[in-house]
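**Q** Dumping the structure here so I can ask a few things about it.
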Amino acid sequence: MVAVYHNEVENRKKMNQQVNNWFLSGHEWAVQQLSRAIANQRIGHAYLLTGPAHIGKTTFAKAFAMALNCESTLRPCGECRSCRLIAQDGHVDVTIVEADRVGGTLKIDQIRELQHMLALRPYEATYRVAILRRFQEANPATQNAILKTLEEPASSVILILTVEYIDQILPTILSRCQIINLRPLSSEQVYNALLSQFDTDPSTLELIARLSGGRIGWAIRTAHDPSQLEQRNVAIQQLSDILANKSRVERFKIAEFLSKDKDTLRIHLDYWITFWRDVMLLASGSSAEIINVDYSDRLKELARRLDYKTAHQALEHTRQATVQLGQNVNTRLAIEVLLLRYPAG
Ligand SMILES: [Zn+2]
């Protein structure tokens with residue numbers, strides 16, 4: 001993540017773009033809003049960044065921390081000592097607090113430790129910035145622990161919380177934060193950002209941009225390691241095969257196999273959703289761009305055989321299955337039901 005952000009700063013410099021931006025792809029309105037707040041010295045004490053995973057919330061938070069503490073007049077410059085240290089996660093006054101792993105638990109002790117530190121004056125920066133990542137991983141007691149800091153903020157402290165959905169935060173915390181809702185970028189914005197940073201074959205970058213659903217963080221990570229696309233190929237091929245010629249018995253067998261690894265299954269289901277979305281769009285005659293461009297022949301064939309309603313139902317059933325998996329239902333049963341509901345095509 002550090003290297004990625006650092007590379008992006010370097011690339012922007014090379015491209016000789018205006019330095020008066022945050023070296024970010026997209027999110028312009030949020031950048032403008034916060035730049036104005038800094039210029040007018042109307043900075044809030046707490047911000048809540050919301051948006052899907054891998055949309056670039058932490059990168060945005062770090063860029064904000066750079067803009068707050070930059071030593072140049074055009075903030076952030078990306079070159080001063082403060083900007084460089086923040087970009088490299090090495091600034092003593094900028095702290096990232098998060099659970100030990102994605103899906104883990106943010107501990108109350110981590111909040112207390114942070115609070116001790118925030119009680120001190122900044123070592124060298126204008127502002128002490130604490131970025132609390134994936135704050136939805138804090139249970140209510142831990143969330144409540146941060147309230148004290150929000151209620152009696154030191155003038156030099158800025159808290160930046162990130163969550164996927166706004167309802168994952170206690171209302172008492174929500175009411176004390178300025179909310180910045182980051183939206184997915186267009187696939188064109190993602191594609192252009194990738195093109196400026198990677199030498200990879202443009203058709204691969206285009207596929208990554210479309211699959212990203214506008215999540216720039218995911219896109220950059222995947223462009224660094226395109227082998228991640230392999231899992232997606234497996235998932236799409238598997239679905240295509242299931243639809244092509246699998247009997248009930250074979251579908252049961254596949255369901256049994258898939259249910260053994262719930263994490264992989266979830267990833268596959270997300271790809272299947274993009275597949276059904278494409279079939280549905282094509283069947284509807286929409287001119288919207290499809291995501292799985294490298295499977296366009298197969299998608300068109302399915303769109304001819306299955307009507308819009310069938311594709312839409314398959315999409316809905318797949319979505320329901322992902323919700324069920326998050327609710328601790330019997331995984332095998334959920335996936336069996338799903339596969340039996342799928343049409344033959
Ligand atoms: Zn700077």
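Each chain in the structure tokens gets a letter, A, B and so on, in the order shown; residues start at 1 in every chain, and ligands are counted from 1 in the order they appear.
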List as a VMD selection string the protein and nucleic acid residues lying within 9 Å of ligand 1, with only C-alpha atoms and all ligand atoms counted.

**A** chain A and resid 66 to 67 69 to 84

**Q** Kindly save the residues from that selection, with N, CA and C atoms included, as a PDB file, in the first residue's frame.

**A**
ATOM      1  N   MET A  66      -1.494  14.249   4.785  1.00  0.00           N
ATOM      2  CA  MET A  66      -0.407  14.966   4.118  1.00  0.00           C
ATOM      3  C   MET A  66      -0.795  16.424   3.894  1.00  0.00           C
ATOM      4  N   ALA A  67      -2.025  16.629   3.411  1.00  0.00           N
ATOM      5  CA  ALA A  67      -2.482  17.998   3.154  1.00  0.00           C
ATOM      6  C   ALA A  67      -2.515  18.810   4.445  1.00  0.00           C
ATOM      7  N   ASN A  69      -0.615  18.449   7.111  1.00  0.00           N
ATOM      8  CA  ASN A  69       0.688  18.689   7.728  1.00  0.00           C
ATOM      9  C   ASN A  69       1.775  19.129   6.760  1.00  0.00           C
ATOM     10  N   CYS A  70       1.417  19.326   5.503  1.00  0.00           N
ATOM     11  CA  CYS A  70       2.418  19.680   4.496  1.00  0.00           C
ATOM     12  C   CYS A  70       3.099  21.005   4.850  1.00  0.00           C
ATOM     13  N   GLU A  71       4.383  21.075   4.544  1.00  0.00           N
ATOM     14  CA  GLU A  71       5.162  22.277   4.870  1.00  0.00           C
ATOM     15  C   GLU A  71       5.189  23.278   3.717  1.00  0.00           C
ATOM     16  N   SER A  72       4.569  22.905   2.593  1.00  0.00           N
ATOM     17  CA  SER A  72       4.589  23.790   1.423  1.00  0.00           C
ATOM     18  C   SER A  72       3.276  24.576   1.347  1.00  0.00           C
ATOM     19  N   THR A  73       3.208  25.541   0.434  1.00  0.00           N
ATOM     20  CA  THR A  73       1.954  26.282   0.315  1.00  0.00           C
ATOM     21  C   THR A  73       0.951  25.529  -0.545  1.00  0.00           C
ATOM     22  N   LEU A  74       1.443  24.774  -1.511  1.00  0.00           N
ATOM     23  CA  LEU A  74       0.547  23.948  -2.319  1.00  0.00           C
ATOM     24  C   LEU A  74       0.451  22.580  -1.662  1.00  0.00           C
ATOM     25  N   ARG A  75      -0.637  22.353  -0.952  1.00  0.00           N
ATOM     26  CA  ARG A  75      -0.726  21.154  -0.118  1.00  0.00           C
ATOM     27  C   ARG A  75      -1.577  20.074  -0.741  1.00  0.00           C
ATOM     28  N   PRO A  76      -1.163  18.820  -0.691  1.00  0.00           N
ATOM     29  CA  PRO A  76       0.154  18.348  -0.259  1.00  0.00           C
ATOM     30  C   PRO A  76       1.136  18.423  -1.423  1.00  0.00           C
ATOM     31  N   CYS A  77       2.387  18.713  -1.114  1.00  0.00           N
ATOM     32  CA  CYS A  77       3.368  18.863  -2.189  1.00  0.00           C
ATOM     33  C   CYS A  77       3.925  17.507  -2.614  1.00  0.00           C
ATOM     34  N   GLY A  78       3.900  16.535  -1.681  1.00  0.00           N
ATOM     35  CA  GLY A  78       4.445  15.206  -2.002  1.00  0.00           C
ATOM     36  C   GLY A  78       5.954  15.159  -1.891  1.00  0.00           C
ATOM     37  N   GLU A  79       6.576  16.285  -1.553  1.00  0.00           N
ATOM     38  CA  GLU A  79       8.044  16.343  -1.564  1.00  0.00           C
ATOM     39  C   GLU A  79       8.675  16.726  -0.241  1.00  0.00           C
ATOM     40  N   CYS A  80       7.939  17.481   0.581  1.00  0.00           N
ATOM     41  CA  CYS A  80       8.546  17.924   1.838  1.00  0.00           C
ATOM     42  C   CYS A  80       8.733  16.713   2.751  1.00  0.00           C
ATOM     43  N   ARG A  81       9.475  16.948   3.818  1.00  0.00           N
ATOM     44  CA  ARG A  81       9.773  15.860   4.750  1.00  0.00           C
ATOM     45  C   ARG A  81       8.477  15.222   5.289  1.00  0.00           C
ATOM     46  N   SER A  82       7.534  16.077   5.670  1.00  0.00           N
ATOM     47  CA  SER A  82       6.286  15.588   6.242  1.00  0.00           C
ATOM     48  C   SER A  82       5.517  14.719   5.239  1.00  0.00           C
ATOM     49  N   CYS A  83       5.374  15.219   4.005  1.00  0.00           N
ATOM     50  CA  CYS A  83       4.646  14.456   2.982  1.00  0.00           C
ATOM     51  C   CYS A  83       5.320  13.111   2.728  1.00  0.00           C
ATOM     52  N   ARG A  84       6.635  13.143   2.631  1.00  0.00           N
ATOM     53  CA  ARG A  84       7.346  11.895   2.316  1.00  0.00           C
ATOM     54  C   ARG A  84       7.188  10.878   3.439  1.00  0.00           C
TER      55      ARG A  84
END

**Q** A:Asn233, A:Thr162, A:Phe64, A:Ser286: which is nearest A:Gln33, counting only C-alpha atoms?

**A**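 Of A:Asn233, A:Thr162, A:Phe64, A:Ser286, the one nearest A:Gln33 is A:Phe64, counting only C-alpha atoms.
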
**Q** Would you mind reading off the distance between atom CA of A:Ala39 and atom CA of A:Gly56, one decimal, in Å?

**A**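 These two atoms are separated by 23.5 Å.
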
**Q** For stretch 289-304 of chain A, please output as JSON, numbers by chain all residues within 12 Å (counting only C-alpha atoms; exclusion window: fewer than 6 positions along the same chain).

**A** {"A": [186, 187, 188, 203, 204, 205, 206, 207, 208, 209, 210, 211, 212, 213, 214, 229, 232, 233, 235, 236, 237, 239, 240, 241, 243, 244, 271, 272, 273, 274, 275, 276, 277, 278, 279, 280, 281, 282, 283, 310, 311, 312, 343, 344, 345]}

**Q** Near A:Arg248, counting only C-alpha atoms, which residues have an atom at most 12 Å away, once you skip same-chain residues fewer than 4 positions from it, shown as a list in words?

**A**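 Answer for this query is Ile242, Leu243, Phe252, Lys253, Ile254, Ala255, Glu336, Val337, Leu338, Leu339, Leu340, Arg341, Tyr342, Pro343 and Ala344 of chain A.
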
**Q** Mind checking which residues fall within 8 Å of A:Thr331, counting only C-alpha atoms, ignoring those fewer than 5 positions away in the same chain, and posting them as a ChimeraX atom specification?

**A** /A:259,262,325

**Q** Just to be explicit: take each residue in the selection above, keep N, CA and C atoms, and write the result as a compact mmCIF listing (two decimals), in the first residue's frame.

**A**
# COMPACT_ATOMS: atom_id res chain seq x y z
N SER A 259 -18.59 -25.94 -1.08
CA SER A 259 -18.93 -25.58 0.30
C SER A 259 -17.78 -25.85 1.28
N LYS A 262 -15.30 -21.82 2.37
CA LYS A 262 -16.28 -20.73 2.36
C LYS A 262 -15.68 -19.41 1.84
N LEU A 325 -24.55 -16.56 3.28
CA LEU A 325 -23.24 -17.01 3.75
C LEU A 325 -22.73 -16.11 4.87

**Q** Apply DSSP to the structure's backbone, then extract all residues of stretch 86-328 of chain A labelled alpha helix (DSSP H) and return them as number ranges by chain.

**A** A: 86-87, 108-118, 140-145, 147-151, 171-174, 187-197, 202-211, 216-224, 228-245, 248-258, 262-284, 296-305, 308-326

**Q** May I have the selected residues written with C-alpha atoms, as a tab-separated table (two decimals), in the first residue's frame?

**A**
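Result file follows (selection_20.tsv):
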chain	number	residue	atom	x	y	z
A	86	ILE	CA	3.42	10.13	5.73
A	87	ALA	CA	3.50	8.49	2.29
A	108	ILE	CA	-10.23	-1.61	23.31
A	109	ASP	CA	-6.59	-1.58	24.47
A	110	GLN	CA	-5.56	-0.29	21.06
A	111	ILE	CA	-7.95	2.64	21.51
A	112	ARG	CA	-6.64	3.35	25.02
A	113	GLU	CA	-3.06	3.27	23.82
A	114	LEU	CA	-3.96	5.68	21.03
A	115	GLN	CA	-5.66	8.00	23.51
A	116	HIS	CA	-2.52	8.19	25.66
A	117	MET	CA	-0.58	9.22	22.62
A	118	LEU	CA	-3.17	11.75	21.44
A	140	PRO	CA	-19.81	-1.32	20.69
A	141	ALA	CA	-17.72	-1.10	23.89
A	142	THR	CA	-14.59	-0.33	21.88
A	143	GLN	CA	-16.48	2.13	19.70
A	144	ASN	CA	-17.71	3.83	22.86
A	145	ALA	CA	-14.16	4.14	24.13
A	147	LEU	CA	-16.28	8.80	22.32
A	148	LYS	CA	-14.28	10.56	25.02
A	149	THR	CA	-11.77	11.73	22.42
A	150	LEU	CA	-14.58	12.88	20.16
A	151	GLU	CA	-16.34	14.77	22.93
A	171	PRO	CA	-25.12	6.91	16.29
A	172	THR	CA	-23.32	8.76	19.10
A	173	ILE	CA	-20.09	8.55	17.09
A	174	LEU	CA	-21.74	9.25	13.78
A	187	SER	CA	-14.13	2.17	-15.03
A	188	GLU	CA	-12.60	4.74	-17.39
A	189	GLN	CA	-11.04	6.64	-14.48
A	190	VAL	CA	-9.66	3.38	-13.10
A	191	TYR	CA	-8.35	2.37	-16.53
A	192	ASN	CA	-6.57	5.71	-17.03
A	193	ALA	CA	-5.05	5.53	-13.56
A	194	LEU	CA	-3.74	2.01	-14.29
A	195	LEU	CA	-2.46	3.00	-17.70
A	196	SER	CA	-0.38	5.81	-16.19
A	197	GLN	CA	1.27	3.43	-13.72
A	202	PRO	CA	-3.75	-2.55	-22.01
A	203	SER	CA	-6.40	-5.24	-22.57
A	204	THR	CA	-5.50	-6.79	-19.19
A	205	LEU	CA	-5.68	-3.36	-17.57
A	206	GLU	CA	-9.07	-2.78	-19.17
A	207	LEU	CA	-10.34	-6.08	-17.80
A	208	ILE	CA	-9.01	-5.22	-14.32
A	209	ALA	CA	-10.64	-1.77	-14.53
A	210	ARG	CA	-14.00	-3.29	-15.40
A	211	LEU	CA	-13.79	-6.03	-12.79
A	216	ILE	CA	-9.21	1.74	-7.33
A	217	GLY	CA	-7.36	0.05	-4.45
A	218	TRP	CA	-8.38	-3.39	-5.68
A	219	ALA	CA	-7.49	-2.45	-9.26
A	220	ILE	CA	-3.97	-1.30	-8.36
A	221	ARG	CA	-3.33	-4.37	-6.24
A	222	THR	CA	-4.51	-6.67	-9.00
A	223	ALA	CA	-2.45	-4.83	-11.62
A	224	HIS	CA	0.62	-5.39	-9.43
A	228	GLN	CA	-5.09	-12.82	-8.95
A	229	LEU	CA	-7.13	-12.83	-12.14
A	230	GLU	CA	-6.57	-16.56	-12.34
A	231	GLN	CA	-9.05	-17.20	-9.54
A	232	ARG	CA	-11.59	-15.11	-11.38
A	233	ASN	CA	-11.04	-17.16	-14.56
A	234	VAL	CA	-11.61	-20.35	-12.57
A	235	ALA	CA	-14.81	-18.94	-11.06
A	236	ILE	CA	-16.27	-17.79	-14.37
A	237	GLN	CA	-15.32	-20.98	-16.19
A	238	GLN	CA	-16.87	-23.02	-13.40
A	239	LEU	CA	-20.16	-21.17	-13.66
A	240	SER	CA	-20.16	-21.42	-17.43
A	241	ASP	CA	-19.61	-25.19	-17.17
A	242	ILE	CA	-22.34	-25.62	-14.56
A	243	LEU	CA	-24.82	-23.94	-16.88
A	244	ALA	CA	-23.64	-25.80	-19.97
A	245	ASN	CA	-24.14	-29.43	-19.20
A	248	ARG	CA	-28.68	-32.38	-10.91
A	249	VAL	CA	-26.32	-35.01	-9.57
A	250	GLU	CA	-23.30	-33.16	-10.87
A	251	ARG	CA	-24.54	-29.87	-9.50
A	252	PHE	CA	-24.87	-31.49	-6.07
A	253	LYS	CA	-21.28	-32.72	-6.35
A	254	ILE	CA	-20.01	-29.27	-7.29
A	255	ALA	CA	-21.97	-27.75	-4.40
A	256	GLU	CA	-20.33	-30.17	-1.99
A	257	PHE	CA	-16.90	-29.30	-3.35
A	258	LEU	CA	-17.50	-25.53	-3.22
A	262	LYS	CA	-16.28	-20.73	2.36
A	263	ASP	CA	-13.81	-17.88	1.76
A	264	THR	CA	-13.11	-18.98	-1.80
A	265	LEU	CA	-16.81	-19.59	-2.36
A	266	ARG	CA	-17.60	-16.01	-1.39
A	267	ILE	CA	-15.06	-14.68	-3.87
A	268	HIS	CA	-16.52	-16.94	-6.58
A	269	LEU	CA	-20.03	-15.76	-5.86
A	270	ASP	CA	-18.93	-12.14	-6.27
A	271	TYR	CA	-17.57	-13.00	-9.71
A	272	TRP	CA	-20.74	-14.93	-10.57
A	273	ILE	CA	-22.73	-11.81	-9.73
A	274	THR	CA	-20.74	-9.85	-12.33
A	275	PHE	CA	-21.37	-12.64	-14.84
A	276	TRP	CA	-25.15	-12.66	-14.32
A	277	ARG	CA	-25.20	-8.88	-14.41
A	278	ASP	CA	-23.60	-9.05	-17.86
A	279	VAL	CA	-26.04	-11.71	-19.13
A	280	MET	CA	-28.96	-9.67	-17.83
A	281	LEU	CA	-27.73	-6.46	-19.48
A	282	LEU	CA	-27.15	-8.19	-22.81
A	283	ALA	CA	-30.54	-9.91	-22.65
A	284	SER	CA	-32.20	-6.56	-22.00
A	296	SER	CA	-18.33	-11.77	-24.34
A	297	ASP	CA	-19.08	-14.61	-26.82
A	298	ARG	CA	-20.26	-16.93	-24.07
A	299	LEU	CA	-22.27	-14.13	-22.45
A	300	LYS	CA	-24.00	-13.29	-25.72
A	301	GLU	CA	-24.82	-16.93	-26.32
A	302	LEU	CA	-26.43	-17.16	-22.88
A	303	ALA	CA	-28.28	-13.89	-23.37
A	304	ARG	CA	-29.82	-15.36	-26.55
A	305	ARG	CA	-30.92	-18.56	-24.83
A	308	TYR	CA	-33.93	-11.15	-19.19
A	309	LYS	CA	-36.18	-12.43	-16.41
A	310	THR	CA	-34.26	-15.70	-16.02
A	311	ALA	CA	-30.92	-13.88	-15.88
A	312	HIS	CA	-32.31	-11.38	-13.40
A	313	GLN	CA	-33.60	-14.16	-11.16
A	314	ALA	CA	-30.24	-15.95	-11.28
A	315	LEU	CA	-28.55	-12.69	-10.28
A	316	GLU	CA	-30.96	-12.22	-7.36
A	317	HIS	CA	-30.50	-15.80	-6.19
A	318	THR	CA	-26.73	-15.37	-6.26
A	319	ARG	CA	-27.01	-12.17	-4.22
A	320	GLN	CA	-29.24	-13.95	-1.71
A	321	ALA	CA	-26.68	-16.72	-1.38
A	322	THR	CA	-23.92	-14.21	-0.54
A	323	VAL	CA	-26.14	-12.66	2.13
A	324	GLN	CA	-26.93	-16.11	3.56
A	325	LEU	CA	-23.24	-17.01	3.75
A	326	GLY	CA	-22.71	-13.91	5.87

**Q** Restricting the calculation to only C-alpha atoms, which member of A:His91, A:Glu28, A:Lys260, A:Asp307 is positioned closest to A:Leu333?

**A**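 That would be A:Lys260, the residue with the smallest distance to A:Leu333.
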
**Q** Can you pull out the residues contacting stretch 119-122 of chain A? Cut-off 10 Å, using only C-alpha atoms, and skip same-chain residues under 2 positions away; I want them as a list in words.

**A**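 Everything that qualifies: Val92, Asp93, Val94, Leu114, Gln115, His116, Met117, Glu124, Ala125, Thr126, Tyr127, Arg128, Val129, Thr149, Pro153, Ala154, Ser155, Ser156 and Val157 of chain A.
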